[in-house]
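Below is structure.cif, which holds mmCIF, C-alpha atoms.
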```
data_input
#
loop_
_atom_site.label_atom_id
_atom_site.label_comp_id
_atom_site.auth_asym_id
_atom_site.auth_seq_id
_atom_site.Cartn_x
_atom_site.Cartn_y
_atom_site.Cartn_z
CA ALA A 437 7.35 -55.10 44.18
CA PHE A 438 5.99 -51.62 43.57
CA ALA A 439 5.59 -48.28 45.28
CA PHE A 440 2.98 -46.06 43.63
CA ASP A 441 2.51 -42.35 43.89
CA ILE A 442 -1.20 -41.48 43.72
CA ASP A 443 -1.90 -38.02 42.25
CA GLY A 444 -0.92 -37.98 38.61
CA VAL A 445 -0.33 -41.76 38.61
CA LEU A 446 -3.52 -43.47 39.77
CA VAL A 447 -5.89 -40.50 39.89
CA ARG A 448 -5.95 -36.90 38.70
CA SER A 449 -7.96 -34.74 41.09
CA LYS A 450 -10.88 -37.09 41.89
CA ASP A 451 -10.92 -39.05 38.65
CA PRO A 452 -9.16 -42.40 38.06
CA LEU A 453 -6.52 -42.44 35.36
CA PRO A 454 -6.76 -45.02 32.55
CA GLY A 455 -5.63 -48.50 33.52
CA ALA A 456 -5.02 -47.68 37.19
CA ALA A 457 -7.69 -49.90 38.76
CA ALA A 458 -7.07 -52.82 36.40
CA THR A 459 -3.32 -52.67 36.99
CA LEU A 460 -3.61 -52.74 40.78
CA ALA A 461 -6.22 -55.52 40.56
CA MET A 462 -3.79 -57.59 38.47
CA LEU A 463 -1.05 -57.15 41.07
CA GLN A 464 -3.49 -58.18 43.80
CA ARG A 465 -4.43 -61.36 41.92
CA ARG A 466 -0.77 -62.26 41.44
CA ASN A 467 0.18 -61.45 45.04
CA ILE A 468 2.79 -58.96 43.86
CA PRO A 469 3.25 -56.64 46.84
CA PHE A 470 2.80 -52.90 46.44
CA ILE A 471 2.38 -49.85 48.62
CA LEU A 472 0.92 -46.42 48.02
CA LEU A 473 3.64 -43.86 48.77
CA THR A 474 2.19 -40.39 48.46
CA ASN A 475 3.03 -36.84 49.44
CA GLY A 476 -0.68 -36.29 49.88
CA GLY A 477 -2.36 -36.39 53.26
CA GLY A 478 -4.92 -34.67 55.42
CA SER A 479 -6.79 -37.81 56.53
CA THR A 480 -6.05 -40.93 58.51
CA GLU A 481 -4.53 -43.75 56.48
CA LYS A 482 -7.74 -45.75 56.91
CA ASP A 483 -9.95 -42.97 55.57
CA HIS A 484 -7.61 -42.08 52.71
CA VAL A 485 -7.23 -45.62 51.42
CA ALA A 486 -11.01 -46.09 51.58
CA LEU A 487 -11.48 -42.90 49.52
CA LEU A 488 -8.94 -44.06 46.95
CA GLY A 489 -10.67 -47.44 46.72
CA ARG A 490 -13.99 -45.71 45.98
CA ARG A 491 -12.46 -43.45 43.35
CA LEU A 492 -10.80 -46.40 41.62
CA GLY A 493 -13.73 -48.74 42.14
CA LEU A 494 -11.26 -51.22 43.60
CA ALA A 495 -11.66 -53.43 46.65
CA GLY A 496 -8.91 -54.95 48.74
CA LEU A 497 -6.70 -51.93 49.40
CA HIS A 498 -5.60 -51.77 53.03
CA GLU A 499 -4.37 -48.99 55.29
CA ARG A 500 -1.26 -51.07 55.99
CA GLN A 501 -0.27 -50.48 52.34
CA PHE A 502 -0.63 -46.73 52.69
CA VAL A 503 2.14 -44.25 53.49
CA GLN A 504 1.06 -40.63 53.45
CA SER A 505 3.32 -37.62 53.72
CA HIS A 506 2.60 -37.31 57.43
CA THR A 507 2.56 -41.02 58.33
CA PRO A 508 6.14 -40.65 59.73
CA TYR A 509 4.70 -38.20 62.29
CA LEU A 510 3.70 -41.34 64.19
CA GLY A 511 7.35 -41.46 65.23
CA LEU A 512 6.96 -38.12 67.02
CA VAL A 513 4.14 -39.31 69.27
CA PRO A 514 6.35 -40.76 72.05
CA THR A 515 7.99 -37.36 72.67
CA LEU A 516 5.11 -34.99 71.82
CA ALA A 517 1.98 -36.91 72.85
CA ASN A 518 1.42 -34.78 75.96
CA LYS A 519 2.93 -31.54 74.63
CA ASN A 520 1.00 -28.67 73.05
CA ILE A 521 1.35 -28.93 69.26
CA LEU A 522 0.10 -26.52 66.62
CA VAL A 523 -1.14 -28.38 63.54
CA LEU A 524 -1.62 -26.72 60.16
CA GLY A 525 -3.41 -27.62 56.95
CA GLY A 526 -6.77 -28.87 55.80
CA THR A 527 -10.20 -27.41 56.41
CA GLY A 528 -12.30 -27.12 59.53
CA SER A 529 -10.94 -29.16 62.41
CA LYS A 530 -10.12 -32.22 60.30
CA ILE A 531 -6.37 -32.08 60.93
CA ARG A 532 -6.99 -31.84 64.66
CA ASP A 533 -8.96 -35.07 64.41
CA VAL A 534 -6.18 -36.79 62.45
CA ALA A 535 -3.59 -35.66 64.99
CA HIS A 536 -5.73 -37.02 67.83
CA ALA A 537 -6.06 -40.33 65.94
CA TYR A 538 -2.25 -40.52 65.75
CA GLY A 539 -1.99 -40.13 69.53
CA PHE A 540 -1.28 -36.41 70.05
CA LYS A 541 -3.43 -35.24 72.96
CA ASN A 542 -3.04 -31.44 73.17
CA VAL A 543 -3.71 -30.20 69.65
CA VAL A 544 -4.17 -26.55 68.68
CA ILE A 545 -5.26 -25.32 65.25
CA PRO A 546 -5.02 -21.72 63.96
CA SER A 547 -8.80 -21.33 64.28
CA ASP A 548 -8.44 -21.79 68.05
CA LEU A 549 -6.05 -18.85 68.21
CA VAL A 550 -8.32 -16.67 66.04
CA LYS A 551 -11.30 -17.47 68.22
CA ASP A 552 -9.28 -16.66 71.34
CA ASN A 553 -8.07 -13.33 69.92
CA ASN A 554 -9.19 -12.32 66.44
CA HIS A 555 -6.54 -9.60 66.33
CA VAL A 556 -3.86 -12.28 65.87
CA TYR A 557 -4.14 -11.67 62.11
CA PRO A 558 -5.55 -8.49 60.54
CA PHE A 559 -6.82 -9.95 57.26
CA LEU A 560 -9.68 -12.26 58.17
CA GLU A 561 -12.40 -10.76 55.97
CA TYR A 562 -12.94 -13.98 54.00
CA THR A 563 -12.18 -16.54 56.70
CA LYS A 564 -13.23 -15.20 60.13
CA ASP A 565 -16.58 -17.02 60.18
CA HIS A 566 -14.89 -20.30 59.29
CA HIS A 567 -12.36 -19.92 62.11
CA PHE A 568 -15.02 -19.01 64.65
CA GLU A 569 -17.08 -22.04 63.62
CA HIS A 570 -14.23 -24.54 63.99
CA GLY A 571 -12.11 -22.98 66.74
CA LYS A 572 -12.35 -24.34 70.29
CA ASP A 573 -13.39 -22.18 73.23
CA GLU A 574 -10.73 -23.62 75.51
CA LEU A 575 -6.98 -23.69 74.91
CA PRO A 576 -4.32 -25.63 76.87
CA ARG A 577 -2.98 -22.87 79.12
CA MET A 578 -0.10 -22.34 81.51
CA GLU A 579 -0.83 -21.42 85.11
CA ASP A 580 -0.63 -17.71 84.21
CA GLY A 581 -3.23 -18.16 81.44
CA ARG A 582 -0.86 -17.91 78.51
CA VAL A 583 -0.57 -20.53 75.74
CA GLN A 584 2.74 -22.26 75.00
CA ILE A 585 3.38 -24.26 71.80
CA HIS A 586 6.07 -26.94 71.90
CA ALA A 587 6.08 -28.00 68.23
CA ILE A 588 4.54 -26.99 64.89
CA LEU A 589 3.43 -29.75 62.51
CA VAL A 590 2.32 -28.97 58.96
CA TRP A 591 0.06 -31.83 57.81
CA SER A 592 -1.13 -30.59 54.42
CA SER A 593 -1.10 -27.41 52.36
CA PRO A 594 -2.38 -24.50 54.50
CA ARG A 595 -5.69 -23.05 53.36
CA ASP A 596 -5.34 -19.69 55.12
CA SER A 597 -1.65 -19.37 54.40
CA GLY A 598 -1.30 -15.75 55.48
CA LEU A 599 -2.67 -16.53 58.93
CA ASP A 600 -0.58 -19.68 59.24
CA GLN A 601 2.60 -17.90 58.22
CA GLN A 602 1.95 -15.11 60.71
CA ILE A 603 1.46 -17.54 63.59
CA ILE A 604 4.59 -19.53 62.72
CA LEU A 605 6.70 -16.38 62.49
CA ASP A 606 5.32 -15.18 65.83
CA LEU A 607 6.32 -18.46 67.44
CA LEU A 608 9.80 -18.45 65.89
CA LEU A 609 10.36 -14.98 67.33
CA SER A 610 8.69 -15.77 70.66
CA GLU A 611 10.01 -16.45 74.11
CA LYS A 612 9.86 -20.22 74.61
CA GLY A 613 6.95 -20.68 72.19
CA ILE A 614 4.54 -18.58 74.27
CA ILE A 615 1.86 -16.94 72.14
CA GLY A 616 2.01 -13.15 72.15
CA THR A 617 5.64 -12.79 73.32
CA ARG A 618 8.93 -11.73 71.76
CA SER A 619 12.26 -13.14 72.84
CA PRO A 620 14.64 -10.53 74.28
CA LYS A 621 17.47 -12.51 72.67
CA ASN A 622 16.40 -11.70 69.09
CA GLY A 623 19.05 -9.58 67.37
CA ASN A 624 21.67 -10.02 70.09
CA THR A 625 24.89 -10.17 68.10
CA THR A 626 26.81 -11.67 71.02
CA LEU A 627 24.75 -14.88 70.74
CA PRO A 628 24.84 -17.60 68.07
CA ASN A 629 22.62 -16.87 65.05
CA ASN A 630 22.42 -13.24 66.28
CA GLY A 631 20.19 -14.38 69.10
CA TYR A 632 17.46 -15.84 66.88
CA LEU A 633 16.07 -19.26 67.80
CA GLN A 634 18.12 -19.29 71.02
CA ASP A 635 15.14 -19.19 73.40
CA ASP A 636 13.46 -22.63 73.19
CA GLN A 637 11.26 -21.71 70.25
CA PRO A 638 9.25 -24.66 68.85
CA PRO A 639 10.60 -26.73 65.96
CA ILE A 640 8.65 -26.97 62.70
CA TYR A 641 7.93 -30.22 60.88
CA PHE A 642 6.93 -30.28 57.22
CA CYS A 643 5.79 -33.44 55.47
CA ASN A 644 5.63 -32.57 51.78
CA PRO A 645 8.57 -30.91 49.99
CA ASP A 646 6.71 -30.84 46.65
CA LEU A 647 6.52 -27.35 45.18
CA THR A 648 3.63 -28.26 42.87
CA TRP A 649 1.22 -31.10 42.18
CA ALA A 650 -1.13 -32.28 39.42
CA THR A 651 -4.81 -31.35 39.78
CA ALA A 652 -7.76 -31.08 37.41
CA TYR A 653 -6.28 -27.79 36.17
CA ASN A 654 -4.06 -28.02 33.11
CA LEU A 655 -1.02 -26.52 34.89
CA PRO A 656 0.65 -27.68 38.12
CA ARG A 657 -0.70 -26.01 41.30
CA ALA A 658 1.14 -24.84 44.42
CA ALA A 659 1.84 -27.44 47.12
CA GLN A 660 3.21 -27.43 50.68
CA GLY A 661 6.78 -26.97 49.51
CA LEU A 662 5.95 -23.51 48.17
CA PHE A 663 4.42 -22.54 51.52
CA LYS A 664 7.69 -23.62 53.17
CA ALA A 665 9.71 -21.59 50.65
CA GLY A 666 7.58 -18.51 51.30
CA LEU A 667 7.94 -18.91 55.05
CA GLU A 668 11.73 -19.21 54.74
CA GLY A 669 11.84 -16.04 52.66
CA ALA A 670 9.74 -14.13 55.19
CA TRP A 671 11.89 -15.43 58.07
CA SER A 672 15.10 -14.36 56.33
CA ALA A 673 13.71 -10.86 55.77
CA LEU A 674 12.52 -10.44 59.36
CA SER A 675 15.66 -11.87 60.96
CA ASN A 676 18.16 -10.23 58.63
CA GLY A 677 19.25 -13.59 57.25
CA ALA A 678 19.40 -15.64 60.45
CA SER A 679 19.48 -19.40 59.90
CA LEU A 680 16.25 -21.36 60.29
CA SER A 681 17.72 -24.78 59.55
CA THR A 682 18.12 -25.89 63.17
CA HIS A 683 14.36 -25.67 63.70
CA VAL A 684 13.08 -27.27 60.49
CA SER A 685 12.62 -30.99 59.77
CA VAL A 686 11.16 -32.32 56.54
CA PHE A 687 9.47 -35.64 55.79
CA GLY A 688 7.85 -36.78 52.54
CA LYS A 689 9.38 -37.78 49.23
CA PRO A 690 12.24 -37.42 48.30
CA THR A 691 13.57 -37.50 51.89
CA GLU A 692 15.37 -40.61 53.03
CA ALA A 693 13.23 -40.83 56.18
CA THR A 694 10.09 -41.38 54.11
CA TYR A 695 11.69 -44.04 51.92
CA ILE A 696 12.99 -45.86 54.98
CA PHE A 697 9.50 -45.83 56.46
CA GLY A 698 7.91 -46.83 53.15
CA GLU A 699 10.27 -49.74 52.57
CA ARG A 700 9.50 -51.10 56.03
CA VAL A 701 5.78 -50.93 55.26
CA LEU A 702 6.37 -52.69 51.93
CA GLN A 703 8.37 -55.48 53.57
CA ASP A 704 5.65 -56.00 56.18
CA TRP A 705 2.97 -56.10 53.48
CA HIS A 706 5.02 -58.60 51.43
CA LYS A 707 5.05 -60.96 54.41
CA GLU A 708 1.33 -60.44 54.97
CA VAL A 709 0.51 -61.26 51.35
CA ASN A 710 3.04 -64.02 50.70
CA GLY A 711 3.80 -65.43 54.15
CA ILE A 712 6.51 -64.83 56.69
CA ASP A 713 8.89 -67.13 54.79
CA ALA A 714 8.40 -65.37 51.46
CA LYS A 715 11.46 -64.87 49.27
CA PRO A 716 13.16 -61.47 49.71
CA ILE A 717 12.11 -58.64 47.42
CA LYS A 718 14.83 -58.25 44.79
CA THR A 719 13.58 -55.14 42.99
CA VAL A 720 11.23 -52.29 43.93
CA TYR A 721 9.85 -50.04 41.20
CA MET A 722 8.81 -46.54 42.22
CA ILE A 723 6.07 -45.39 39.83
CA GLY A 724 5.64 -41.62 39.92
CA ASP A 725 4.94 -38.47 37.94
CA ASN A 726 7.26 -36.03 39.73
CA PRO A 727 10.99 -36.23 38.92
CA ALA A 728 11.89 -34.10 41.96
CA SER A 729 10.21 -36.35 44.51
CA ASP A 730 9.39 -39.80 43.13
CA ILE A 731 12.38 -40.25 40.85
CA GLN A 732 15.01 -38.38 42.85
CA GLY A 733 13.99 -40.12 46.08
CA SER A 734 14.10 -43.62 44.64
CA LYS A 735 17.42 -42.99 42.84
CA ASN A 736 19.10 -41.74 46.01
CA TYR A 737 17.67 -44.36 48.32
CA GLN A 738 19.84 -47.21 49.58
CA SER A 739 17.69 -50.16 50.57
CA ARG A 740 17.90 -51.40 54.15
CA TYR A 741 16.79 -54.86 52.95
CA GLY A 742 19.14 -55.49 50.03
CA SER A 743 16.58 -54.65 47.34
CA GLN A 744 17.38 -52.68 44.19
CA TRP A 745 15.19 -49.59 43.71
CA LYS A 746 14.32 -48.58 40.15
CA SER A 747 11.89 -45.97 38.86
CA VAL A 748 9.38 -45.36 36.11
CA LEU A 749 8.32 -41.79 35.33
CA VAL A 750 4.79 -41.53 33.94
CA GLU A 751 3.49 -38.80 31.64
CA SER A 752 0.03 -38.57 33.21
CA GLY A 753 0.80 -35.94 35.87
CA ILE A 754 3.49 -33.35 36.61
CA HIS A 755 5.99 -34.56 34.00
CA VAL A 756 5.22 -33.32 30.50
CA LYS A 757 5.88 -35.69 27.62
CA GLY A 758 8.90 -34.67 25.56
CA THR A 759 10.52 -32.54 28.26
CA GLU A 760 13.82 -33.36 29.95
CA PRO A 761 13.29 -34.54 33.55
CA ALA A 762 15.58 -33.04 36.19
CA HIS A 763 16.20 -36.54 37.55
CA HIS A 764 16.36 -39.40 35.06
CA PRO A 765 14.31 -42.54 35.78
CA THR A 766 15.03 -46.10 34.79
CA HIS A 767 12.12 -45.92 32.34
CA ILE A 768 9.53 -43.43 31.08
CA ALA A 769 5.99 -44.61 30.32
CA ALA A 770 2.73 -43.04 29.20
CA GLY A 771 0.79 -44.19 32.26
CA VAL A 772 0.67 -46.59 35.16
CA LYS A 773 -0.45 -49.59 33.06
CA GLU A 774 2.50 -49.19 30.71
CA ALA A 775 4.87 -48.56 33.64
CA VAL A 776 3.98 -51.82 35.37
CA GLU A 777 4.17 -53.74 32.09
CA LEU A 778 7.69 -52.41 31.53
CA ALA A 779 8.74 -53.43 35.03
CA LEU A 780 7.27 -56.92 34.82
CA ALA A 781 8.93 -57.49 31.46
CA GLU A 782 12.43 -56.98 32.90
#
```

Can you present the structure in this file as structure tokens?
Amino acid sequence: AFAFDIDGVLVRSKDPLPGAAATLAMLQRRNIPFILLTNGGGSTEKDHVALLGRRLGLAGLHERQFVQSHTPYLGLVPTLANKNILVLGGTGSKIRDVAHAYGFKNVVIPSDLVKDNNHVYPFLEYTKDHHFEHGKDELPRMEDGRVQIHAILVWSSPRDSGLDQQIILDLLLSEKGIIGTRSPKNGNTTLPNNGYLQDDQPPIYFCNPDLTWATAYNLPRAAQGLFKAGLEGAWSALSNGASLSTHVSVFGKPTEATYIFGERVLQDWHKEVNGIDAKPIKTVYMIGDNPASDIQGSKNYQSRYGSQWKSVLVESGIHVKGTEPAHHPTHIAAGVKEAVELALAE
């Protein structure tokens, strides 16, 4: 069985990589189960898999094979469905729509806060019109008219990162996640963590630890992980080094939570393709271009189903041919076609 990264493995930017479509089509014909395990996101699984199918010119891909960076957020719905969540990433109100599709009912985006009070961030010269176009007129308010945020979910790389960072920092310093407040506990040296994050501030969820990713540009470009790193640096400076770890959760490769979720999806797809009595999967090959996410994650993962996880690092994305990867794979191959051929030959 296989788990494929997408960017830098099957496509680069919007263009299919050599051999990608033919390789997946061969696996489909042979009923060899595979999933698409990506740190990308920003759409529903149904929409994203349809887009990938169009780019590859390949039919037969299904949303039940697709695990995006934020797919594990589905597990947060039972506790946060009726809470006010701030969602970040993407353009327009697309991420709001995805969050609604997941089952979150009270969804706020940064544009809503800008439209409600455009003084929330002083540097809107290039983006104010966009935020006013996509922001909602009504916000979920408390009885006194204020807005309280119970959780912050980053779904894809923020587009207006300065605004997003400002709002997150405000909430981390707030009183109980209420917009426009400051906790009186901040800086109190008699409290744990010098009083920071001791006042029911909202937790933050990230879904892509990748620092960079492969695009049409010849050098890797910044990804969500760099936004997280920048936020952590700003928080440390503002709080004089107070810990943020209690309020941060991370999904996406290489985290164990994402591999647990992905393996469950793969097992379900195996039964769908080969029948409920199909023989157990002995070996899973993770095919990826990023040593820090694809290779590290698969090397560290301990299967919950008794399978052995191996990895093939391809040279069509982040990893540069001839360089020493930080995490060593089982094999290195030029591209996805060669990677699958190596795996099937074992």

### Query
Smallest atom-to-atom distance to Gln602 in chain A: which of A:Gly711, A:Gly666, A:Gly581, A:Pro639, using all atoms listed in the file?
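Counting all atoms listed in the file, the residue closest to Gln602 in chain A is A:Gly666.
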
### Query
Pick the closest to Tyr509 in chain A from A:Ser685, A:Ser734, A:Thr766, A:Ser449: which is it, counting all atoms listed in the file?
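Ranked by minimum distance to Tyr509 in chain A, first place goes to A:Ser685.
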
### Query
If you measure from CA of Gly496 in chain A to CA of Ile754 in chain A, what distance in Å do you get, rounded to one decimal?
27.7 Å

### Task
Expand the PyMOL selection byres ((chain A and resi 741) around 10) into the individual residues it matches in the shown file, reporting them as a list in words.
Ile696, Glu699, Arg700, Gln703, Pro716, Ile717, Lys718, Gln738, Ser739, Arg740, Gly742, Ser743 and Gln744 of chain A

### Task
On this file, the PyMOL selection byres ((chain A and resi 477-482) around 8) gives some set of residues; write that set as a PyMOL selection string.
chain A and resi 474-476+483-486+498-499+502-507+525-526+530-531+534+537+591-592
